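> Pasting in a structure now, in structure tokens, and then I'll have a few things to ask.
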Amino acid sequence: MSSIRLLPDTPSRLLFTDLDGSLLDHHDYDWSPARPWLTRLKHLGIPVIPVTSKTRHELLPLRRALGLAEAPFVAENGALVGLPPAWCHARLERDPDPDGLVIKSLGVDIGFIRQRLAIWRHRLDARFTPLSELPLDELVACTGLSEPEARLARRREGSEPLLWQGDEAGLEALRDGLAGDGLRLVRGGRFWHVTGACHKGEAVRWLVRRYTALRGHRPLTLALGDGPNDIPMLEAVDQAVLIRGHHDRPVAPAQPALYRSRVAGPAGWAEGVAHWWGRDGHRGESALSNPAGQGEAMA
């Protein structure tokens with residue numbers, strides 16, 4: 001691998017990324033097309049922060065496999081933030097979990113969400129199946145996860161995915177009912193997700209504030225995602241990539257610095273990172289080096 005460096009005047013950077021359909025392939029969860037950029041970013045000391053609907057129990061082994069164990073993460077669409085030691089206030093956060101992480105809740109308890117869902121299902125005669133009630137074999141068939149992975153996906157703490165089986169009018173009635181309880185209904189890749197008054201964008205802003213407080217300066221931020229639930233995250237950063245999705249739902253973030261990838265999944269992820277932080281650095285910021293390993297950072 002060739003020499004890699006950031007120029008002295010290059011600002012600190014944080015990269016926030018959706019997982020399913022973005023860094024991970026929608027069908028088989030492969031990330032190999034993004035591997036060269038993940039290696040490059042790790043070498044440069046740039047945190048790659050997963051921001052996902054997955055549970056923290058799903059994320060723990062996945063972070064290790066992706067080489068992201070030193071970065072924080074956002075789980076369950078913004079309901080939880082996991083902080084490694086370098087992101088903690090030494091005096092205030094002294095009780096890490098067994099994995100060495102401090103977990104911050106930005107949402108509401110899963111028990112309240114499930115209680116209100118049960119009430120609204122009865123009142124509205126709404127047709128949906130919460131993930132917690134979906135038989136394990138159906139969950140595996142629906143998601144392509146292995147059985148152990150599907151069991152981890154069921155361990156919710158601040159959100160409840162559900163399969164909607166009713167009509168549009170029923171969906172809007174459920175959305176209105178949940179809103180009266182302070183809950184949100186957002187569309188993900190395969191499921192609708194019920195959360196508290198939190199979303200990916202608020203969690204990203206929370207982490208940027210935490211980084212700024214600890215380091216004394218605000219970093220340049222980039223986010224990548226493919227779905228409607230990624231819109232708040234894409235709007236919360238300096239630069240964004242909308243990855244071509246495996247769906248026909250409109251995704252139109254109010255983000256002037258937006259790049260739309262030509263290809264989907266992790267190949268589109270790599271394309272988007274290269275667009276903003278690749279060798280073609282004439283966009284107002286110093287650039288990172290070519291992920292193919294040809295040359296150094298350019299001004």
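All residue names refer to the structure tokens as shown: chains lettered A, B, ... in order, residues numbered from 1 in each chain, ligands numbered from 1 in order.
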Which neighbours of region 172-189 of chain A fall inside 8 Å, counting only C-alpha atoms, when residues of the same chain fewer than 6 positions from it are skipped, and could you give them as a list in words?
Asp20, Gly21, Ser53, Ile113, Arg116, Leu117, Trp120, Leu124, Ala126, Thr195, Gly196, Ala197, Gly227, Pro228 and Asn229 of chain A
> Dump N, CA and C atoms for the selected residues as a CSV table (one decimal), in the first residue's frame?

chain,number,residue,atom,x,y,z
A,20,ASP,N,-27.6,-1.5,6.3
A,20,ASP,CA,-28.3,-2.4,5.3
A,20,ASP,C,-28.7,-1.6,4.1
A,21,GLY,N,-28.2,-2.1,2.9
A,21,GLY,CA,-28.5,-1.4,1.7
A,21,GLY,C,-27.5,-0.3,1.4
A,53,SER,N,-30.7,0.8,12.0
A,53,SER,CA,-31.9,0.3,12.7
A,53,SER,C,-31.6,-1.0,13.5
A,113,ILE,N,-43.2,1.3,24.2
A,113,ILE,CA,-43.6,1.2,22.8
A,113,ILE,C,-44.5,0.0,22.5
A,116,ARG,N,-48.1,0.6,23.9
A,116,ARG,CA,-48.9,1.5,23.1
A,116,ARG,C,-49.3,0.8,21.8
A,117,LEU,N,-48.4,0.1,21.2
A,117,LEU,CA,-48.7,-0.6,19.9
A,117,LEU,C,-49.8,-1.6,20.2
A,120,TRP,N,-53.1,0.4,20.3
A,120,TRP,CA,-53.6,1.0,19.1
A,120,TRP,C,-54.0,-0.1,18.1
A,124,LEU,N,-57.7,0.4,16.7
A,124,LEU,CA,-57.9,0.6,15.3
A,124,LEU,C,-58.1,-0.6,14.4
A,126,ALA,N,-55.9,-2.6,13.7
A,126,ALA,CA,-54.8,-2.4,12.7
A,126,ALA,C,-54.1,-3.7,12.4
A,195,THR,N,-40.4,4.4,17.1
A,195,THR,CA,-39.4,4.9,18.0
A,195,THR,C,-40.0,6.0,18.8
A,196,GLY,N,-39.2,6.5,19.8
A,196,GLY,CA,-39.6,7.7,20.5
A,196,GLY,C,-39.3,8.9,19.7
A,197,ALA,N,-39.2,10.1,20.3
A,197,ALA,CA,-39.0,11.3,19.6
A,197,ALA,C,-37.5,11.4,19.3
A,227,GLY,N,-32.2,5.1,2.4
A,227,GLY,CA,-33.6,5.0,2.6
A,227,GLY,C,-34.3,6.3,3.3
A,228,PRO,N,-35.6,6.3,3.3
A,228,PRO,CA,-36.3,7.4,3.9
A,228,PRO,C,-35.9,7.7,5.4
A,229,ASN,N,-35.6,6.6,6.2
A,229,ASN,CA,-35.2,6.8,7.5
A,229,ASN,C,-33.8,7.4,7.7
> Write out as a list in words each polymer residue whose atoms come within 7 Å of Gly78 (chain A), counting only C-alpha atoms; drop sequence neighbours fewer than 3 positions from it.
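So the residues in contact are Val74, Ala75, Leu106, Cys198, His199, Lys200 and Ala203 of chain A.
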> Export, as a PDB file, in the first residue's frame, the selected residues with N, CA, C and O atoms.

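New file selection29.pdb:
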ATOM      1  N   VAL A  74     -24.604   4.215  16.512  1.00  0.00           N
ATOM      2  CA  VAL A  74     -25.988   4.595  16.783  1.00  0.00           C
ATOM      3  C   VAL A  74     -26.853   3.403  16.401  1.00  0.00           C
ATOM      4  O   VAL A  74     -26.779   2.906  15.269  1.00  0.00           O
ATOM      5  N   ALA A  75     -27.659   2.910  17.343  1.00  0.00           N
ATOM      6  CA  ALA A  75     -28.499   1.741  17.110  1.00  0.00           C
ATOM      7  C   ALA A  75     -29.974   2.123  17.129  1.00  0.00           C
ATOM      8  O   ALA A  75     -30.356   3.163  17.676  1.00  0.00           O
ATOM      9  N   LEU A 106     -31.323   7.744  23.929  1.00  0.00           N
ATOM     10  CA  LEU A 106     -31.886   8.991  23.412  1.00  0.00           C
ATOM     11  C   LEU A 106     -33.377   8.844  23.117  1.00  0.00           C
ATOM     12  O   LEU A 106     -33.994   9.790  22.638  1.00  0.00           O
ATOM     13  N   CYS A 198     -36.956  10.478  18.572  1.00  0.00           N
ATOM     14  CA  CYS A 198     -35.539  10.460  18.230  1.00  0.00           C
ATOM     15  C   CYS A 198     -35.430   9.987  16.790  1.00  0.00           C
ATOM     16  O   CYS A 198     -36.352   9.385  16.251  1.00  0.00           O
ATOM     17  N   HIS A 199     -34.319  10.282  16.167  1.00  0.00           N
ATOM     18  CA  HIS A 199     -34.058   9.785  14.822  1.00  0.00           C
ATOM     19  C   HIS A 199     -32.560   9.835  14.574  1.00  0.00           C
ATOM     20  O   HIS A 199     -31.777  10.307  15.425  1.00  0.00           O
ATOM     21  N   LYS A 200     -32.164   9.352  13.431  1.00  0.00           N
ATOM     22  CA  LYS A 200     -30.744   9.265  13.122  1.00  0.00           C
ATOM     23  C   LYS A 200     -30.070  10.634  13.131  1.00  0.00           C
ATOM     24  O   LYS A 200     -28.923  10.763  13.555  1.00  0.00           O
ATOM     25  N   ALA A 203     -29.242  11.824  16.696  1.00  0.00           N
ATOM     26  CA  ALA A 203     -28.116  11.076  17.246  1.00  0.00           C
ATOM     27  C   ALA A 203     -26.793  11.539  16.632  1.00  0.00           C
ATOM     28  O   ALA A 203     -25.776  11.647  17.329  1.00  0.00           O
TER      29      ALA A 203
END
> Could you list, as number ranges by chain, every residue within 12 Å of Arg209 (chain A), counting only C-alpha atoms and ignoring same-chain residues fewer than 3 positions away?
A: 14, 87, 202-206, 212-219, 221, 236
> Store the residues picked out above in a file with all heavy atoms, as a compact mmCIF listing (two decimals), in the first residue's frame.

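Produced file out_14.txt, reproduced below:
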# COMPACT_ATOMS: atom_id res chain seq x y z
N LEU A 14 -15.49 13.03 10.51
CA LEU A 14 -16.30 11.92 10.99
C LEU A 14 -17.16 11.44 9.83
O LEU A 14 -17.74 12.24 9.10
CB LEU A 14 -17.22 12.35 12.14
CG LEU A 14 -16.57 12.86 13.43
CD1 LEU A 14 -17.65 13.28 14.43
CD2 LEU A 14 -15.67 11.79 14.05
N TRP A 87 -14.46 8.26 23.67
CA TRP A 87 -15.56 9.20 23.47
C TRP A 87 -16.29 9.52 24.77
O TRP A 87 -17.34 10.15 24.74
CB TRP A 87 -16.54 8.64 22.45
CG TRP A 87 -16.05 8.71 21.04
CD1 TRP A 87 -15.04 7.99 20.48
CD2 TRP A 87 -16.55 9.56 20.00
NE1 TRP A 87 -14.88 8.33 19.16
CE2 TRP A 87 -15.80 9.28 18.84
CE3 TRP A 87 -17.58 10.50 19.94
CZ2 TRP A 87 -16.04 9.94 17.63
CZ3 TRP A 87 -17.82 11.15 18.75
CH2 TRP A 87 -17.05 10.87 17.60
N GLU A 202 -30.79 13.36 14.95
CA GLU A 202 -30.54 13.85 16.30
C GLU A 202 -29.35 13.13 16.93
O GLU A 202 -28.55 13.74 17.64
CB GLU A 202 -31.79 13.67 17.16
CG GLU A 202 -32.89 14.69 16.88
CD GLU A 202 -32.42 16.12 17.12
OE1 GLU A 202 -31.70 16.36 18.10
OE2 GLU A 202 -32.77 16.99 16.30
N ALA A 203 -29.24 11.82 16.70
CA ALA A 203 -28.12 11.08 17.25
C ALA A 203 -26.79 11.54 16.63
O ALA A 203 -25.78 11.65 17.33
CB ALA A 203 -28.32 9.58 17.00
N VAL A 204 -26.80 11.82 15.32
CA VAL A 204 -25.58 12.33 14.67
C VAL A 204 -25.19 13.67 15.27
O VAL A 204 -24.01 13.91 15.57
CB VAL A 204 -25.81 12.43 13.15
CG1 VAL A 204 -24.74 13.30 12.50
CG2 VAL A 204 -25.82 11.04 12.52
N ARG A 205 -26.15 14.56 15.43
CA ARG A 205 -25.83 15.87 16.03
C ARG A 205 -25.30 15.70 17.46
O ARG A 205 -24.39 16.42 17.88
CB ARG A 205 -27.08 16.77 16.03
CG ARG A 205 -27.52 17.19 14.64
CD ARG A 205 -28.66 18.20 14.71
NE ARG A 205 -29.11 18.58 13.39
CZ ARG A 205 -30.14 18.04 12.75
NH1 ARG A 205 -30.85 17.08 13.35
NH2 ARG A 205 -30.48 18.43 11.54
N TRP A 206 -25.87 14.76 18.21
CA TRP A 206 -25.41 14.50 19.58
C TRP A 206 -23.95 14.07 19.57
O TRP A 206 -23.14 14.55 20.38
CB TRP A 206 -26.28 13.42 20.20
CG TRP A 206 -26.10 13.23 21.68
CD1 TRP A 206 -26.82 13.80 22.68
CD2 TRP A 206 -25.12 12.38 22.32
NE1 TRP A 206 -26.35 13.37 23.90
CE2 TRP A 206 -25.31 12.51 23.71
CE3 TRP A 206 -24.11 11.55 21.85
CZ2 TRP A 206 -24.53 11.82 24.64
CZ3 TRP A 206 -23.32 10.87 22.76
CH2 TRP A 206 -23.53 11.00 24.14
N THR A 212 -16.96 17.55 19.50
CA THR A 212 -16.50 18.94 19.60
C THR A 212 -16.14 19.31 21.03
O THR A 212 -15.13 19.98 21.27
CB THR A 212 -17.60 19.88 19.07
OG1 THR A 212 -17.92 19.52 17.72
CG2 THR A 212 -17.16 21.33 19.12
N ALA A 213 -16.93 18.85 22.00
CA ALA A 213 -16.64 19.13 23.41
C ALA A 213 -15.34 18.46 23.85
O ALA A 213 -14.55 19.04 24.61
CB ALA A 213 -17.79 18.67 24.28
N LEU A 214 -15.09 17.25 23.38
CA LEU A 214 -13.90 16.52 23.80
C LEU A 214 -12.64 17.01 23.09
O LEU A 214 -11.56 17.03 23.68
CB LEU A 214 -14.09 15.02 23.54
CG LEU A 214 -15.11 14.29 24.40
CD1 LEU A 214 -15.28 12.86 23.90
CD2 LEU A 214 -14.68 14.28 25.86
N ARG A 215 -12.77 17.39 21.81
CA ARG A 215 -11.58 17.74 21.00
C ARG A 215 -11.36 19.24 20.87
O ARG A 215 -10.29 19.67 20.46
CB ARG A 215 -11.71 17.14 19.60
CG ARG A 215 -11.91 15.62 19.58
CD ARG A 215 -10.66 14.87 20.06
NE ARG A 215 -10.82 13.44 19.80
CZ ARG A 215 -11.32 12.58 20.67
NH1 ARG A 215 -11.76 13.01 21.85
NH2 ARG A 215 -11.40 11.29 20.38
N GLY A 216 -12.39 20.04 21.16
CA GLY A 216 -12.23 21.48 21.10
C GLY A 216 -12.43 22.08 19.73
O GLY A 216 -12.21 23.28 19.54
N HIS A 217 -12.84 21.30 18.74
CA HIS A 217 -13.13 21.84 17.41
C HIS A 217 -14.16 20.95 16.74
O HIS A 217 -14.28 19.76 17.06
CB HIS A 217 -11.88 21.92 16.54
CG HIS A 217 -11.22 20.58 16.32
ND1 HIS A 217 -10.31 20.05 17.21
CD2 HIS A 217 -11.38 19.67 15.34
CE1 HIS A 217 -9.92 18.86 16.77
NE2 HIS A 217 -10.55 18.61 15.63
N ARG A 218 -14.92 21.53 15.82
CA ARG A 218 -15.96 20.78 15.12
C ARG A 218 -15.35 20.10 13.89
O ARG A 218 -14.63 20.72 13.11
CB ARG A 218 -17.10 21.69 14.70
CG ARG A 218 -18.30 20.95 14.13
CD ARG A 218 -19.33 21.88 13.56
NE ARG A 218 -20.51 21.17 13.08
CZ ARG A 218 -20.57 20.49 11.93
NH1 ARG A 218 -19.51 20.45 11.14
NH2 ARG A 218 -21.68 19.86 11.58
N PRO A 219 -15.67 18.82 13.67
CA PRO A 219 -15.13 18.10 12.51
C PRO A 219 -15.96 18.34 11.26
O PRO A 219 -17.12 18.75 11.32
CB PRO A 219 -15.23 16.64 12.95
CG PRO A 219 -16.49 16.63 13.79
CD PRO A 219 -16.48 17.95 14.54
N THR A 221 -18.11 16.62 8.48
CA THR A 221 -18.93 15.41 8.59
C THR A 221 -19.49 14.98 7.24
O THR A 221 -19.89 15.80 6.42
CB THR A 221 -20.09 15.62 9.58
OG1 THR A 221 -20.84 16.78 9.19
CG2 THR A 221 -19.56 15.82 11.00
N ALA A 236 -28.17 16.30 8.50
CA ALA A 236 -27.50 16.78 9.71
C ALA A 236 -25.99 16.97 9.53
O ALA A 236 -25.32 17.38 10.47
CB ALA A 236 -27.73 15.79 10.86
> With only C-alpha atoms as the basis for distance, which of A:Gly225, A:Pro96, A:Pro84, A:Pro250 is at the shortest distance from Asp18 (chain A)?
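Under the stated criterion, the closest residue is A:Gly225.
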> Of the residues A:Leu59, A:Ala90, A:Val102, A:Leu68, which is the one nearest to His43 (chain A), using only C-alpha atoms?
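The closest residue to His43 (chain A) is A:Leu68.
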> Apply DSSP to the backbone of this structure and, from region 30-124 of chain A, keep only the residues in strand (DSSP E or B); write these as a list in words.
Val48, Ile49, Pro50, Val51, Phe73, Val74, Ala75, Leu80, Val81, Gly82, Leu83, Val102, Ile103, Lys104 and Ser105 of chain A
> Between A:Gly107, A:Pro11, A:Pro72, A:Gly245, single out the one closest to Val48 (chain A), counting only C-alpha atoms.
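Answer, going by the shortest atom-to-atom distance: A:Pro72.
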> Which is closest to Gly265 (chain A) among A:Arg35, A:Phe191, A:Arg244, A:Arg156, if we use only C-alpha atoms?
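Between A:Arg35, A:Phe191, A:Arg244, A:Arg156, the residue approaching Gly265 (chain A) most closely is A:Arg244.
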